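The file run_1.cif comes next; it holds mmCIF, C-alpha atoms.
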```
data_my_file
#
loop_
_atom_site.label_atom_id
_atom_site.label_comp_id
_atom_site.auth_asym_id
_atom_site.auth_seq_id
_atom_site.Cartn_x
_atom_site.Cartn_y
_atom_site.Cartn_z
CA MET G 1 91.70 -52.33 11.43
CA THR G 2 88.29 -53.01 12.97
CA ALA G 3 85.61 -50.43 12.27
CA VAL G 4 83.88 -48.99 15.31
CA THR G 5 80.13 -48.63 14.99
CA SER G 6 77.58 -46.73 17.03
CA PRO G 7 73.91 -47.71 17.19
CA ILE G 8 71.64 -45.02 15.76
CA ALA G 9 68.29 -46.81 15.29
CA VAL G 10 66.45 -50.09 15.59
CA TYR G 11 65.44 -51.22 12.11
CA SER G 12 63.41 -54.18 13.25
CA MET G 13 62.97 -55.98 16.52
CA TYR G 14 66.31 -57.75 16.27
CA ARG G 15 68.42 -55.58 14.01
CA LEU G 16 70.34 -52.47 14.79
CA PHE G 17 71.24 -49.87 12.17
CA SER G 18 74.74 -48.58 12.91
CA GLN G 19 77.06 -45.94 11.52
CA THR G 20 80.73 -46.77 11.06
CA LYS G 21 82.87 -44.12 12.78
CA THR G 22 85.86 -44.49 10.45
CA THR G 23 84.03 -44.18 7.12
CA GLY G 24 80.59 -42.82 8.00
CA ALA G 25 79.02 -45.76 6.15
CA PHE G 26 75.76 -47.19 7.43
CA GLN G 27 75.33 -50.91 8.03
CA MET G 28 72.88 -53.37 9.47
CA ALA G 29 74.07 -55.32 12.50
CA ALA G 30 72.19 -58.43 13.58
CA ARG G 31 72.42 -57.97 17.33
CA PHE G 32 70.34 -56.74 20.20
CA SER G 33 70.57 -53.18 21.43
CA ALA G 34 71.73 -53.10 25.02
CA SER G 35 69.50 -50.15 25.85
CA TRP G 36 66.68 -50.22 23.28
CA ASN G 37 66.80 -46.43 23.50
CA GLU G 38 67.31 -46.05 19.76
CA PRO G 39 64.36 -44.99 17.57
CA MET G 40 62.52 -47.42 15.32
CA PHE G 41 62.80 -46.81 11.58
CA VAL G 42 59.47 -46.94 9.73
CA VAL G 43 59.87 -47.08 5.95
CA PRO G 44 57.51 -47.93 3.09
CA SER G 45 57.85 -51.17 1.22
CA GLY G 46 58.52 -51.06 -2.49
CA ALA G 47 60.60 -48.79 -4.66
CA ASP G 48 61.23 -46.05 -2.08
CA ALA G 49 62.26 -48.38 0.76
CA ARG G 50 66.03 -48.26 0.21
CA ALA G 51 66.17 -44.50 -0.43
CA SER G 52 63.86 -43.81 2.53
CA GLY G 53 65.92 -46.03 4.83
CA GLY G 54 69.10 -44.24 3.81
CA ALA G 55 67.48 -40.86 4.45
CA LEU G 56 66.32 -42.00 7.90
CA ALA G 57 69.86 -43.14 8.72
CA ILE G 58 71.20 -39.68 7.83
CA VAL G 59 68.60 -38.05 10.10
CA ALA G 60 69.26 -40.45 13.00
CA ALA G 61 73.02 -39.92 12.72
CA ALA G 62 72.53 -36.13 12.82
CA LEU G 63 70.51 -36.22 16.04
CA PRO G 64 72.39 -35.77 19.31
CA ALA G 65 72.26 -38.97 21.41
CA ARG G 66 70.02 -37.30 24.01
CA ILE G 67 67.45 -36.45 21.30
CA ARG G 68 67.64 -39.93 19.73
CA ALA G 69 66.89 -41.34 23.20
CA LYS G 70 63.71 -39.22 23.29
CA THR G 71 62.64 -40.37 19.79
CA ALA G 72 60.23 -43.30 19.47
CA SER G 73 60.40 -43.54 15.68
CA ILE G 74 61.69 -41.90 12.54
CA GLN G 75 59.27 -42.41 9.67
CA ALA G 76 59.27 -41.70 5.95
CA LEU G 77 56.55 -41.89 3.34
CA ASN G 78 59.39 -41.16 0.92
CA PRO G 79 62.87 -39.60 1.27
CA GLN G 80 61.39 -36.07 1.20
CA ALA G 81 58.69 -36.66 3.84
CA ILE G 82 60.44 -37.62 7.08
CA THR G 83 58.72 -37.36 10.45
CA LEU G 84 59.99 -38.00 13.97
CA VAL G 85 57.62 -39.18 16.67
CA LEU G 86 58.95 -38.40 20.13
CA LYS G 87 58.33 -40.65 23.11
CA ASP G 88 56.22 -37.91 24.72
CA GLY G 89 53.85 -38.00 21.71
CA ARG G 90 55.02 -34.85 19.97
CA VAL G 91 55.56 -34.93 16.21
CA VAL G 92 58.48 -33.33 14.39
CA GLN G 93 58.09 -32.58 10.68
CA TRP G 94 61.61 -33.01 9.30
CA GLY G 95 61.12 -32.90 5.54
CA SER G 96 64.06 -34.35 3.60
CA ALA G 97 67.40 -35.45 5.03
CA ASP G 98 69.02 -32.32 3.53
CA ARG G 99 70.52 -29.99 6.14
CA SER G 100 69.93 -32.59 8.89
CA THR G 101 72.72 -31.23 11.08
CA GLU G 102 71.14 -27.76 11.03
CA LYS G 103 67.67 -29.21 11.61
CA ALA G 104 68.95 -31.16 14.62
CA ARG G 105 70.40 -27.96 16.16
CA VAL G 106 67.10 -26.15 15.63
CA LEU G 107 65.15 -29.06 17.12
CA VAL G 108 67.25 -28.90 20.29
CA ALA G 109 66.23 -25.23 20.65
CA LEU G 110 62.53 -25.95 19.99
CA LEU G 111 62.09 -28.91 22.33
CA PRO G 112 61.60 -26.83 25.51
CA HIS G 113 58.49 -25.24 23.94
CA ALA G 114 55.16 -26.78 24.93
CA ALA G 115 53.97 -27.63 21.43
CA ALA G 116 52.42 -30.80 20.02
CA GLN G 117 54.01 -30.28 16.61
CA LEU G 118 57.42 -28.94 15.70
CA ASP G 119 58.48 -28.22 12.15
CA VAL G 120 62.16 -28.02 11.22
CA SER G 121 61.72 -28.86 7.54
CA ASN G 122 63.16 -25.42 6.77
CA PRO G 123 65.70 -24.80 9.54
CA ASP G 124 65.76 -21.09 8.63
CA GLN G 125 62.05 -20.78 9.44
CA PRO G 126 61.09 -23.37 12.06
CA PHE G 127 57.76 -23.20 13.85
CA THR G 128 55.66 -24.93 16.49
CA ARG G 129 51.93 -25.54 16.93
#
```

Output the file's structure in the form of structure tokens.
Amino acid sequence: MTAVTSPIAVYSMYRLFSQTKTTGAFQMAARFSASWNEPMFVVPSGADARASGGALAIVAAALPARIRAKTASIQALNPQAITLVLKDGRVVQWGSADRSTEKARVLVALLPHAAAQLDVSNPDQPFTR
């Protein structure tokens, strides 16, 4: 059986980070994105790189495709400090990858607000500035 993958982010200029539909596993795929509409992952080098990259993959996979298409990058200083930068310049404070599905639903509701910063790090108490 061949696993079906869906692009969720561009890891570097020529690599696509994909999620396998059958197992949910994340993998790197050395191929070009047809649309280049996927967000760029920005991770630190060093000890936190692998954990941060995994956390970013969880966040990207939780985002609806229409929100991923509006996201320029998903960045992490460490796995607990994730930030999304939207293509319109707005910044979304995400926090950790925990509760990413809930955070994505809250973000969809906050996006219509005219705010430069959106915070969904606690999806029970989101806010905008």

Atomic distance CA of Thr101 (chain G) - CA of Ser45 (chain G), expressed in Å with one decimal:
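Atom-to-atom, CA of Thr101 (chain G) to CA of Ser45 (chain G), that is 26.8 Å.
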
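What the PyMOL selection byres ((chain G and resi 87) around 10) grabs from this file is Pro39, Arg68, Ala69, Lys70, Thr71, Ala72, Ser73, Leu84, Val85, Leu86, Asp88, Gly89, Arg90 and Val91 of chain G.
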
So that each row is one residue of region 34-104 of chain G with an atom at most 9 Å from region 108-119 of chain G, can you give its shortest atom pair and the distance in Å to one decimal, using only C-alpha atoms, rows by chain and rising number, as JSON lines?
```
{"residue": "G:Pro64", "atom": "CA", "partner": "G:Val108", "partner_atom": "CA", "distance": 8.6}
{"residue": "G:Ile67", "atom": "CA", "partner": "G:Val108", "partner_atom": "CA", "distance": 7.6}
{"residue": "G:Gly89", "atom": "CA", "partner": "G:Ala116", "partner_atom": "CA", "distance": 7.5}
{"residue": "G:Arg90", "atom": "CA", "partner": "G:Ala116", "partner_atom": "CA", "distance": 4.8}
{"residue": "G:Val91", "atom": "CA", "partner": "G:Gln117", "partner_atom": "CA", "distance": 4.9}
{"residue": "G:Val92", "atom": "CA", "partner": "G:Leu118", "partner_atom": "CA", "distance": 4.7}
{"residue": "G:Gln93", "atom": "CA", "partner": "G:Asp119", "partner_atom": "CA", "distance": 4.6}
{"residue": "G:Trp94", "atom": "CA", "partner": "G:Asp119", "partner_atom": "CA", "distance": 6.4}
{"residue": "G:Gly95", "atom": "CA", "partner": "G:Asp119", "partner_atom": "CA", "distance": 8.5}
{"residue": "G:Lys103", "atom": "CA", "partner": "G:Val108", "partner_atom": "CA", "distance": 8.7}
{"residue": "G:Ala104", "atom": "CA", "partner": "G:Val108", "partner_atom": "CA", "distance": 6.3}
```

Return as JSON the centre and edge lengths, in Å with one decimal, of the box along x, y and z that encloses every atom of region 45-48 of chain G in the file, padded by 6 Å per side.
```
{"center_x": 59.5, "center_y": -48.6, "center_z": -1.7, "size_x": 15.4, "size_y": 17.1, "size_z": 17.9}
```

Pick from G:Leu77, G:Thr128, G:Val106, G:Val120 nearest to Ala47 (chain G), counting only C-alpha atoms:
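Ranked by minimum distance to Ala47 (chain G), first place goes to G:Leu77.
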
Would you list the contacts of Gly53 (chain G) as a PyMOL selection string, taking every protein, DNA or RNA residue within 10 Å and counting all atoms listed in the file, but skipping same-chain residues closer than 2 positions in sequence?
chain G and resi 11+17+41-44+48-51+55-59+74-76+78-79

Those same residues - C-alpha atoms - I'd like them written as a PDB file, keeping the file's coordinate frame.
```pdb
ATOM      1  CA  TYR G  11      65.440 -51.220  12.110  1.00  0.00           C
ATOM      2  CA  PHE G  17      71.240 -49.870  12.170  1.00  0.00           C
ATOM      3  CA  PHE G  41      62.800 -46.810  11.580  1.00  0.00           C
ATOM      4  CA  VAL G  42      59.470 -46.940   9.730  1.00  0.00           C
ATOM      5  CA  VAL G  43      59.870 -47.080   5.950  1.00  0.00           C
ATOM      6  CA  PRO G  44      57.510 -47.930   3.090  1.00  0.00           C
ATOM      7  CA  ASP G  48      61.230 -46.050  -2.080  1.00  0.00           C
ATOM      8  CA  ALA G  49      62.260 -48.380   0.760  1.00  0.00           C
ATOM      9  CA  ARG G  50      66.030 -48.260   0.210  1.00  0.00           C
ATOM     10  CA  ALA G  51      66.170 -44.500  -0.430  1.00  0.00           C
ATOM     11  CA  ALA G  55      67.480 -40.860   4.450  1.00  0.00           C
ATOM     12  CA  LEU G  56      66.320 -42.000   7.900  1.00  0.00           C
ATOM     13  CA  ALA G  57      69.860 -43.140   8.720  1.00  0.00           C
ATOM     14  CA  ILE G  58      71.200 -39.680   7.830  1.00  0.00           C
ATOM     15  CA  VAL G  59      68.600 -38.050  10.100  1.00  0.00           C
ATOM     16  CA  ILE G  74      61.690 -41.900  12.540  1.00  0.00           C
ATOM     17  CA  GLN G  75      59.270 -42.410   9.670  1.00  0.00           C
ATOM     18  CA  ALA G  76      59.270 -41.700   5.950  1.00  0.00           C
ATOM     19  CA  ASN G  78      59.390 -41.160   0.920  1.00  0.00           C
ATOM     20  CA  PRO G  79      62.870 -39.600   1.270  1.00  0.00           C
TER      21      PRO G  79
END
```

What does the distance between CA of Ile82 (chain G) and CA of Glu38 (chain G) come to in Å, to one decimal place?
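Between CA of Ile82 (chain G) and CA of Glu38 (chain G) the gap works out to 16.7 Å.
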
Report, in Å with one decimal, the straight-line distance from CA of Ser121 (chain G) to CA of Ala60 (chain G).
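Calculated distance between CA of Ser121 (chain G) and CA of Ala60 (chain G) is 14.9 Å.
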
For a quick check of understanding, using only C-alpha atoms, which of G:Gln80, G:Glu102, G:Asp124, G:Leu107 has the smallest distance to Gly54 (chain G)?
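Counting only C-alpha atoms, the residue closest to Gly54 (chain G) is G:Gln80.
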
Among the residues G:Ser52, G:Asn122, G:Leu63, G:Gly46, the one that comes closest to Arg105 (chain G) [using all atoms listed in the file]
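The shortest atom-to-atom distance to Arg105 (chain G) comes from G:Leu63.
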